[in-house]
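With compact mmCIF, C-alpha atoms inside, this is entry.txt:
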```txt
# COMPACT_ATOMS: atom_id res chain seq x y z
CA MET H 1 -39.17 -162.68 54.99
CA THR H 2 -39.50 -161.69 58.66
CA THR H 3 -38.80 -158.49 60.61
CA LEU H 4 -37.45 -158.93 64.14
CA ILE H 5 -38.43 -156.20 66.59
CA THR H 6 -36.23 -156.07 69.68
CA GLY H 7 -38.05 -154.54 72.62
CA GLY H 8 -41.26 -155.09 70.72
CA THR H 9 -43.54 -154.51 73.70
CA GLY H 10 -42.26 -150.93 74.14
CA LYS H 11 -43.91 -147.86 72.66
CA THR H 12 -42.27 -147.62 69.23
CA GLY H 13 -41.80 -151.38 68.91
CA LEU H 14 -45.45 -152.20 69.49
CA ALA H 15 -46.61 -149.38 67.21
CA LEU H 16 -44.29 -150.72 64.48
CA ALA H 17 -45.60 -154.25 65.02
CA LYS H 18 -49.15 -153.04 64.37
CA LEU H 19 -48.09 -151.36 61.12
CA LEU H 20 -46.27 -154.47 59.88
CA HIS H 21 -49.21 -156.70 60.84
CA ALA H 22 -51.66 -154.42 59.00
CA ALA H 23 -49.45 -154.68 55.92
CA ASN H 24 -49.38 -158.50 56.18
CA ARG H 25 -45.63 -158.54 56.75
CA PRO H 26 -44.28 -161.35 58.96
CA LEU H 27 -42.76 -160.21 62.24
CA LEU H 28 -41.38 -161.55 65.47
CA ILE H 29 -41.19 -159.64 68.75
CA THR H 30 -38.61 -160.09 71.48
CA SER H 31 -39.26 -159.53 75.16
CA ARG H 32 -37.58 -160.63 78.37
CA ALA H 33 -40.64 -162.69 79.27
CA GLY H 34 -41.07 -164.11 75.77
CA LYS H 35 -44.61 -162.74 75.64
CA ALA H 36 -46.35 -160.11 73.55
CA PRO H 37 -49.94 -158.84 73.14
CA GLU H 38 -52.18 -160.71 70.73
CA PRO H 39 -51.94 -161.36 67.84
CA PHE H 40 -48.15 -161.12 67.88
CA LYS H 41 -45.66 -163.94 68.27
CA ALA H 42 -42.84 -163.36 70.77
CA VAL H 43 -39.62 -165.02 71.80
CA LYS H 44 -37.59 -164.69 75.01
CA PHE H 45 -34.67 -162.31 74.60
CA ASP H 46 -32.57 -160.35 77.08
CA TRP H 47 -29.78 -157.99 76.02
CA PHE H 48 -27.95 -158.83 79.25
CA ASP H 49 -28.09 -162.59 78.65
CA LYS H 50 -26.19 -163.43 75.48
CA THR H 51 -27.39 -167.03 75.63
CA THR H 52 -30.78 -165.70 74.43
CA TYR H 53 -29.39 -164.05 71.29
CA GLU H 54 -29.92 -167.21 69.21
CA ASN H 55 -33.57 -167.55 70.25
CA PRO H 56 -35.16 -165.35 67.56
CA PHE H 57 -33.28 -167.08 64.75
CA ASN H 58 -34.17 -170.52 66.09
CA ALA H 59 -37.82 -169.45 66.24
CA ASP H 60 -37.82 -168.03 62.70
CA PRO H 61 -34.90 -168.73 60.34
CA LYS H 62 -36.41 -166.30 57.79
CA ILE H 63 -35.52 -163.14 59.76
CA ASP H 64 -33.80 -160.78 57.31
CA ARG H 65 -34.22 -157.38 58.95
CA VAL H 66 -34.09 -156.11 62.52
CA TYR H 67 -35.45 -153.07 64.36
CA ILE H 68 -33.10 -152.33 67.25
CA ILE H 69 -34.14 -150.67 70.50
CA VAL H 70 -31.14 -150.60 72.80
CA PRO H 71 -31.03 -151.09 76.59
CA GLY H 72 -30.57 -147.98 78.71
CA ILE H 73 -26.92 -148.38 79.62
CA PHE H 74 -23.78 -146.52 78.57
CA ASP H 75 -21.63 -149.45 77.37
CA VAL H 76 -24.30 -150.63 74.97
CA LEU H 77 -21.99 -151.65 72.10
CA SER H 78 -20.55 -154.52 74.14
CA TYR H 79 -24.01 -156.11 73.88
CA LEU H 80 -25.14 -154.83 70.49
CA GLY H 81 -21.94 -155.69 68.64
CA PRO H 82 -22.09 -159.45 69.28
CA PHE H 83 -25.82 -159.52 68.51
CA ILE H 84 -25.41 -157.65 65.23
CA ASP H 85 -22.57 -159.97 64.22
CA LEU H 86 -24.72 -163.01 65.00
CA ALA H 87 -27.67 -161.56 63.09
CA VAL H 88 -25.51 -160.99 60.00
CA SER H 89 -24.26 -164.57 60.21
CA LYS H 90 -27.90 -165.72 60.30
CA GLY H 91 -28.77 -163.86 57.11
CA VAL H 92 -30.00 -160.47 58.33
CA LYS H 93 -29.56 -157.92 55.54
CA ARG H 94 -30.93 -154.70 57.04
CA PHE H 95 -30.87 -153.02 60.45
CA VAL H 96 -32.93 -150.05 61.61
CA LEU H 97 -31.58 -148.51 64.81
CA LEU H 98 -33.55 -146.20 67.09
CA SER H 99 -31.08 -143.53 68.21
CA THR H 100 -31.70 -139.92 69.25
CA SER H 101 -31.55 -136.60 67.46
CA GLN H 102 -28.35 -135.11 68.85
CA LEU H 103 -26.06 -138.11 68.28
CA GLU H 104 -23.86 -138.30 65.21
CA PRO H 105 -21.95 -141.53 64.42
CA GLY H 106 -19.57 -142.30 67.28
CA ASP H 107 -21.29 -139.96 69.76
CA GLY H 108 -22.38 -141.48 73.05
CA PRO H 109 -23.72 -145.02 73.45
CA LEU H 110 -26.16 -144.95 70.52
CA GLY H 111 -23.76 -143.17 68.21
CA LYS H 112 -21.23 -145.95 68.76
CA VAL H 113 -23.78 -148.49 67.53
CA HIS H 114 -24.50 -146.21 64.55
CA GLN H 115 -20.78 -146.16 63.75
CA TYR H 116 -20.57 -149.95 64.09
CA LEU H 117 -23.27 -150.41 61.46
CA LEU H 118 -21.29 -148.13 59.15
CA ASP H 119 -18.05 -149.98 59.83
CA ILE H 120 -19.38 -153.43 59.00
CA GLY H 121 -21.01 -152.26 55.79
CA VAL H 122 -24.56 -153.59 56.20
CA ASP H 123 -27.75 -152.02 54.86
CA TYR H 124 -29.17 -149.77 57.55
CA ALA H 125 -31.14 -146.77 58.66
CA VAL H 126 -30.62 -144.87 61.90
CA LEU H 127 -33.68 -143.04 63.18
CA ARG H 128 -32.81 -139.98 65.26
CA PRO H 129 -36.05 -138.75 66.81
CA THR H 130 -36.24 -135.76 69.09
CA TRP H 131 -38.00 -135.85 72.48
CA PHE H 132 -41.22 -137.91 72.47
CA GLN H 133 -44.60 -136.26 73.03
CA GLU H 134 -45.40 -139.28 75.18
CA ASN H 135 -42.74 -138.19 77.68
CA PHE H 136 -45.35 -135.83 79.11
CA ASP H 137 -46.98 -139.04 80.37
CA VAL H 138 -43.98 -141.29 81.02
CA ASN H 139 -41.76 -138.67 82.67
CA PHE H 140 -44.09 -135.96 83.88
CA SER H 141 -47.53 -137.42 84.62
CA ILE H 142 -47.10 -137.36 88.41
CA SER H 143 -45.37 -133.98 88.59
CA ILE H 144 -48.05 -132.42 86.36
CA ARG H 145 -51.00 -134.12 88.04
CA GLU H 146 -49.87 -133.68 91.64
CA HIS H 147 -47.62 -130.59 91.55
CA ASN H 148 -48.65 -128.69 88.39
CA GLN H 149 -45.11 -128.60 87.10
CA ILE H 150 -42.73 -129.92 84.47
CA ILE H 151 -39.08 -130.20 85.52
CA SER H 152 -36.20 -130.12 83.02
CA GLY H 153 -32.72 -128.86 82.35
CA THR H 154 -33.66 -127.49 78.93
CA GLY H 155 -34.05 -123.84 79.91
CA GLU H 156 -35.84 -121.91 77.18
CA GLY H 157 -34.66 -124.23 74.43
CA ARG H 158 -37.28 -125.32 71.92
CA ILE H 159 -38.05 -128.90 70.89
CA PRO H 160 -40.09 -130.28 67.94
CA PHE H 161 -41.76 -132.95 70.12
CA VAL H 162 -42.54 -136.04 68.03
CA ALA H 163 -45.24 -138.68 68.35
CA VAL H 164 -44.48 -142.38 68.77
CA ALA H 165 -46.81 -143.04 65.83
CA ASP H 166 -44.64 -140.91 63.55
CA ILE H 167 -41.45 -142.67 64.70
CA ALA H 168 -43.06 -146.05 64.07
CA GLN H 169 -44.12 -144.93 60.58
CA ALA H 170 -40.55 -143.86 59.82
CA ALA H 171 -39.28 -147.24 61.05
CA PHE H 172 -41.87 -149.08 58.93
CA GLU H 173 -40.83 -147.20 55.81
CA ALA H 174 -37.12 -147.76 56.47
CA LEU H 175 -37.66 -151.49 56.99
CA THR H 176 -39.99 -152.11 54.08
CA ALA H 177 -38.56 -149.83 51.36
CA GLU H 178 -37.35 -151.80 48.37
CA LYS H 179 -33.99 -150.02 48.62
CA SER H 180 -32.41 -149.57 52.05
CA PRO H 181 -32.06 -145.89 53.06
CA ASN H 182 -28.43 -146.36 54.23
CA LYS H 183 -28.46 -143.03 56.08
CA ASP H 184 -29.57 -141.47 59.33
CA LEU H 185 -32.96 -139.77 59.47
CA LEU H 186 -33.97 -137.06 61.92
CA VAL H 187 -37.59 -137.51 63.01
CA PHE H 188 -39.43 -134.43 64.31
CA GLY H 189 -42.90 -133.25 65.13
CA PRO H 190 -44.30 -130.34 63.09
CA ASP H 191 -43.97 -127.60 65.74
CA LEU H 192 -41.29 -126.20 68.06
CA TYR H 193 -42.09 -125.64 71.74
CA SER H 194 -40.03 -124.76 74.77
CA TYR H 195 -41.22 -126.47 77.94
CA ASP H 196 -42.50 -123.04 79.04
CA GLU H 197 -44.63 -122.88 75.89
CA ALA H 198 -45.73 -126.51 76.25
CA ALA H 199 -46.74 -125.81 79.86
CA LYS H 200 -48.88 -122.87 78.74
CA LEU H 201 -50.50 -125.00 76.05
CA LEU H 202 -51.29 -127.74 78.53
CA SER H 203 -52.58 -125.17 81.04
CA SER H 204 -55.13 -123.98 78.48
CA ILE H 205 -56.38 -127.53 78.03
CA LEU H 206 -56.47 -128.51 81.72
CA GLY H 207 -57.89 -125.21 82.97
CA ARG H 208 -55.19 -124.77 85.62
CA GLU H 209 -51.69 -123.36 85.54
CA ILE H 210 -48.82 -125.72 84.77
CA ILE H 211 -45.33 -124.27 85.16
CA HIS H 212 -41.89 -125.29 83.93
CA LYS H 213 -39.28 -125.55 86.68
CA LYS H 214 -35.88 -124.91 85.12
CA ASN H 215 -33.12 -127.02 86.63
CA SER H 216 -29.41 -126.40 86.23
CA THR H 217 -27.34 -129.09 84.53
CA GLU H 218 -26.06 -130.13 87.97
CA GLU H 219 -29.61 -130.43 89.33
CA THR H 220 -30.63 -132.41 86.27
CA ALA H 221 -27.69 -134.80 86.76
CA LYS H 222 -28.67 -135.30 90.40
CA MET H 223 -32.23 -136.09 89.32
CA PHE H 224 -31.02 -138.74 86.85
CA ALA H 225 -28.64 -140.17 89.44
CA GLY H 226 -31.65 -140.61 91.73
CA LEU H 227 -33.05 -143.05 89.17
CA GLY H 228 -30.09 -145.37 89.80
CA LEU H 229 -28.25 -144.63 86.55
CA GLY H 230 -24.46 -144.89 86.33
CA PRO H 231 -22.32 -141.71 86.38
CA GLU H 232 -21.44 -141.79 82.67
CA TYR H 233 -25.06 -142.22 81.64
CA VAL H 234 -26.19 -139.53 84.09
CA ASN H 235 -23.77 -136.99 82.60
CA PHE H 236 -24.71 -138.02 79.07
CA LEU H 237 -28.44 -137.43 79.68
CA ALA H 238 -27.88 -134.17 81.57
CA ASN H 239 -25.76 -132.85 78.71
CA LEU H 240 -28.46 -133.70 76.16
CA GLU H 241 -30.84 -131.43 78.08
CA ALA H 242 -28.16 -128.73 78.41
CA ASN H 243 -27.70 -128.84 74.63
CA ILE H 244 -31.41 -128.16 74.17
CA ALA H 245 -31.03 -125.08 76.36
CA LYS H 246 -28.29 -123.93 73.96
CA GLY H 247 -30.65 -124.33 70.97
CA LYS H 248 -29.46 -127.67 69.58
CA GLU H 249 -32.86 -129.19 68.80
CA GLU H 250 -34.10 -126.02 67.11
CA GLU H 251 -30.91 -125.89 65.06
CA LEU H 252 -31.41 -129.48 63.90
CA PHE H 253 -35.08 -128.83 63.11
CA ASN H 254 -34.30 -125.77 61.00
CA GLY H 255 -31.44 -127.44 59.15
CA SER H 256 -30.73 -131.05 58.21
CA ALA H 257 -31.99 -130.82 54.63
CA GLY H 258 -32.25 -134.20 52.94
CA LYS H 259 -32.47 -136.33 56.06
CA LYS H 260 -35.38 -134.86 57.98
CA ILE H 261 -38.80 -136.44 58.47
CA ILE H 262 -41.57 -134.21 59.83
CA GLY H 263 -44.37 -136.14 61.50
CA LYS H 264 -48.09 -135.42 61.23
CA HIS H 265 -49.10 -135.47 64.88
CA THR H 266 -49.00 -132.21 66.85
CA LEU H 267 -48.35 -131.69 70.54
CA LEU H 268 -51.73 -129.97 70.81
CA GLU H 269 -53.40 -133.09 69.44
CA TYR H 270 -51.53 -135.25 71.97
CA PHE H 271 -52.56 -133.03 74.90
CA GLN H 272 -56.19 -132.91 73.79
CA THR H 273 -56.42 -136.67 73.25
CA ASN H 274 -54.74 -137.57 76.53
CA ARG H 275 -56.10 -134.82 78.78
CA ASP H 276 -57.31 -137.28 81.42
CA LEU H 277 -53.71 -138.33 82.20
CA TRP H 278 -53.11 -135.06 84.03
CA ILE H 279 -56.48 -134.59 85.74
CA LYS H 280 -56.23 -134.61 89.52
CA ALA H 281 -58.16 -137.40 91.23
```
Before anything else, please render the file you have as structure tokens.
Amino acid sequence: MTTLITGGTGKTGLALAKLLHAANRPLLITSRAGKAPEPFKAVKFDWFDKTTYENPFNADPKIDRVYIIVPGIFDVLSYLGPFIDLAVSKGVKRFVLLSTSQLEPGDGPLGKVHQYLLDIGVDYAVLRPTWFQENFDVNFSISIREHNQIISGTGEGRIPFVAVADIAQAAFEALTAEKSPNKDLLVFGPDLYSYDEAAKLLSSILGREIIHKKNSTEETAKMFAGLGLGPEYVNFLANLEANIAKGKEEELFNGSAGKKIIGKHTLLEYFQTNRDLWIKA
């Protein structure tokens, strides 16, 4: 049977595809262009074009499980709901949703999808990773390289930054386990760091001082608005960072017995391996 990976050319999707391929498990990747790196097979799929929702099932009628990476919009359930319903009608038995650590069922855009999976009674797992280690590249590479600073609204809150590889491993296990987990799983890295502490760690590796500029929630919202995001999504993201400042991620890391996965890859390892990303030209 086949695993469908939506957004399979993204970070966790591609890492998951490599794990499934290494285990000789059939998979199909979706992308808006219908292309994927070798040796993977891809099909054209666009969350915002519902006429493409049938494409994966036409390409491979044996799809029986789906890894869901959602589009970055607030009203995501209006797209995910019809797709999930279609997938169930096509024989999909298990869904693994990539959510985020702070969201319980019904909370925010991803929590609404989580709740929908519960409501329809399918086999599922919801992965709730904390902030990615790779965000120091995706979000901060220019500010670190050019301005020696990390900017956030997280204050002195501490985060157990997690590696994409550890999230992909959790997804692989949830998809391939003989018995579906049927629960949400918090996915963390092994160590807690505030951005101040992460900046000091990175400074020691780069040999120059990196600082953490602490934004207010209002400044953080303005920064997200500058990316062209809608007001609801802007406030949602700014509040996630404000919750970190209040200790939410540390609270989740120290609690959550029975549904917590601690990854193997440390932030120090990530900084050492990727040092060249932040070296000035």
Among H:Phe57, H:Gly106, H:Ala221, H:Arg65, Leu86 in chain H is approached most closely, using all atoms listed in the file, by H:Phe57
Near-range 223-229 of chain H list (12 Å; only C-alpha atoms; drop same-chain fewer than 4 positions) as a ChimeraX atom specification = /H:72-74,139,151-153,215-219,233-239,241
Neighbours of Leu103 in chain H within 12 Å (all atoms listed in the file; same-chain residues fewer than 5 positions away dropped), as an MDAnalysis selection string?
-> chainID H and resid 98 108:115 126:130 184:186 236:237 239:240 243 248:249 252
Skipping near chain neighbours, those fewer than 3 positions away, what residues fall within 12 Å of Gly207 in chain H using all atoms listed in the file, listed as JSON, numbers by chain?
-> {"H": [148, 199, 200, 201, 202, 203, 204, 210, 275, 278, 279, 280]}
Output for the residues just chosen: C-alpha atoms as a PDB file, keeping the file's coordinate frame:
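Result file follows (selection05.pdb):
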```pdb
ATOM      1  CA  ASN H 148     -48.650-128.690  88.390  1.00  0.00           C
ATOM      2  CA  ALA H 199     -46.740-125.810  79.860  1.00  0.00           C
ATOM      3  CA  LYS H 200     -48.880-122.870  78.740  1.00  0.00           C
ATOM      4  CA  LEU H 201     -50.500-125.000  76.050  1.00  0.00           C
ATOM      5  CA  LEU H 202     -51.290-127.740  78.530  1.00  0.00           C
ATOM      6  CA  SER H 203     -52.580-125.170  81.040  1.00  0.00           C
ATOM      7  CA  SER H 204     -55.130-123.980  78.480  1.00  0.00           C
ATOM      8  CA  ILE H 210     -48.820-125.720  84.770  1.00  0.00           C
ATOM      9  CA  ARG H 275     -56.100-134.820  78.780  1.00  0.00           C
ATOM     10  CA  TRP H 278     -53.110-135.060  84.030  1.00  0.00           C
ATOM     11  CA  ILE H 279     -56.480-134.590  85.740  1.00  0.00           C
ATOM     12  CA  LYS H 280     -56.230-134.610  89.520  1.00  0.00           C
TER      13      LYS H 280
END
```
Which residues, written as a PyMOL selection string, have at least one atom at most 12 Å from Ser89 in chain H, with all atoms listed in the file counted and residues fewer than 6 positions away on the same chain left out?
-> chain H and resi 54+57+61+63-64+82-83+122
Let me see the file: selected residues, C-alpha atoms, as a compact mmCIF listing (two decimals), in the coordinates of the input.
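After the write, out_4.txt holds the following:
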```txt
# COMPACT_ATOMS: atom_id res chain seq x y z
CA GLU H 54 -29.92 -167.21 69.21
CA PHE H 57 -33.28 -167.08 64.75
CA PRO H 61 -34.90 -168.73 60.34
CA ILE H 63 -35.52 -163.14 59.76
CA ASP H 64 -33.80 -160.78 57.31
CA PRO H 82 -22.09 -159.45 69.28
CA PHE H 83 -25.82 -159.52 68.51
CA VAL H 122 -24.56 -153.59 56.20
```
Please return, as a PyMOL selection string, all polymer residues that have at least one atom within 12 Å of the point (-35.2, -166.7, 58.7); use all atoms listed in the file and the file's own coordinate frame.
-> chain H and resi 1-4+26-28+54-66+87-93
For Val164 in chain H, which of H:Lys35, H:His265, H:Arg208, H:Arg25 is the closest residue, counting only C-alpha atoms?
->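 Comparing H:Lys35, H:His265, H:Arg208, H:Arg25 against Val164 in chain H, the winner is H:His265.
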Taking all atoms listed in the file into account, which of H:Ile5, H:Val187, H:Leu16, H:Ala125 comes nearest Val70 in chain H?
->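 With all atoms listed in the file as the atom set, the closest residue is H:Ile5.
A straight line drawn from CA of Lys18 in chain H to CA of Pro37 in chain H is 10.5 Å long.
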Distance query Gly13 in chain H at most 9 Å, only C-alpha atoms, self and fewer than 6 positions along chain excluded, as a compact mmCIF listing (two decimals) with C-alpha atoms, in the frame of the given file:
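What follows is the written file out05.txt:
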```txt
# COMPACT_ATOMS: atom_id res chain seq x y z
CA ILE H 5 -38.43 -156.20 66.59
CA THR H 6 -36.23 -156.07 69.68
CA GLY H 7 -38.05 -154.54 72.62
CA ILE H 29 -41.19 -159.64 68.75
CA TYR H 67 -35.45 -153.07 64.36
CA ILE H 68 -33.10 -152.33 67.25
CA ILE H 69 -34.14 -150.67 70.50
CA ALA H 168 -43.06 -146.05 64.07
```
Distance CA of Val76 in chain H-CA of Thr100 in chain H, one decimal place?
-> 14.2 Å
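The two atoms in question, CA of Lys50 in chain H and CA of Arg94 in chain H, are spaced 20.9 Å apart.
For the residues H:Ile84, H:Ala245, H:Ala165, H:Ala174, ranking by smallest atom-to-atom distance to Gly263 in chain H using only C-alpha atoms places H:Ala165 first.
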Using all atoms listed in the file, the residue out of H:Ala23, H:Ser99, H:Phe136, H:Glu251 with shortest distance to Thr176 in chain H is H:Ala23
Which of H:Glu156, H:Asn135, H:Ile262, H:Thr273 sits closest to Ala170 in chain H [using only C-alpha atoms] |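 That would be H:Ile262, the residue with the smallest distance to Ala170 in chain H.
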Dig up all the protein and nucleic acid residues within 6 Å of (-43.7, -137.3, 63.9) in the file frame, using all atoms listed in the file, and format them as a count of residues only.
-> 10
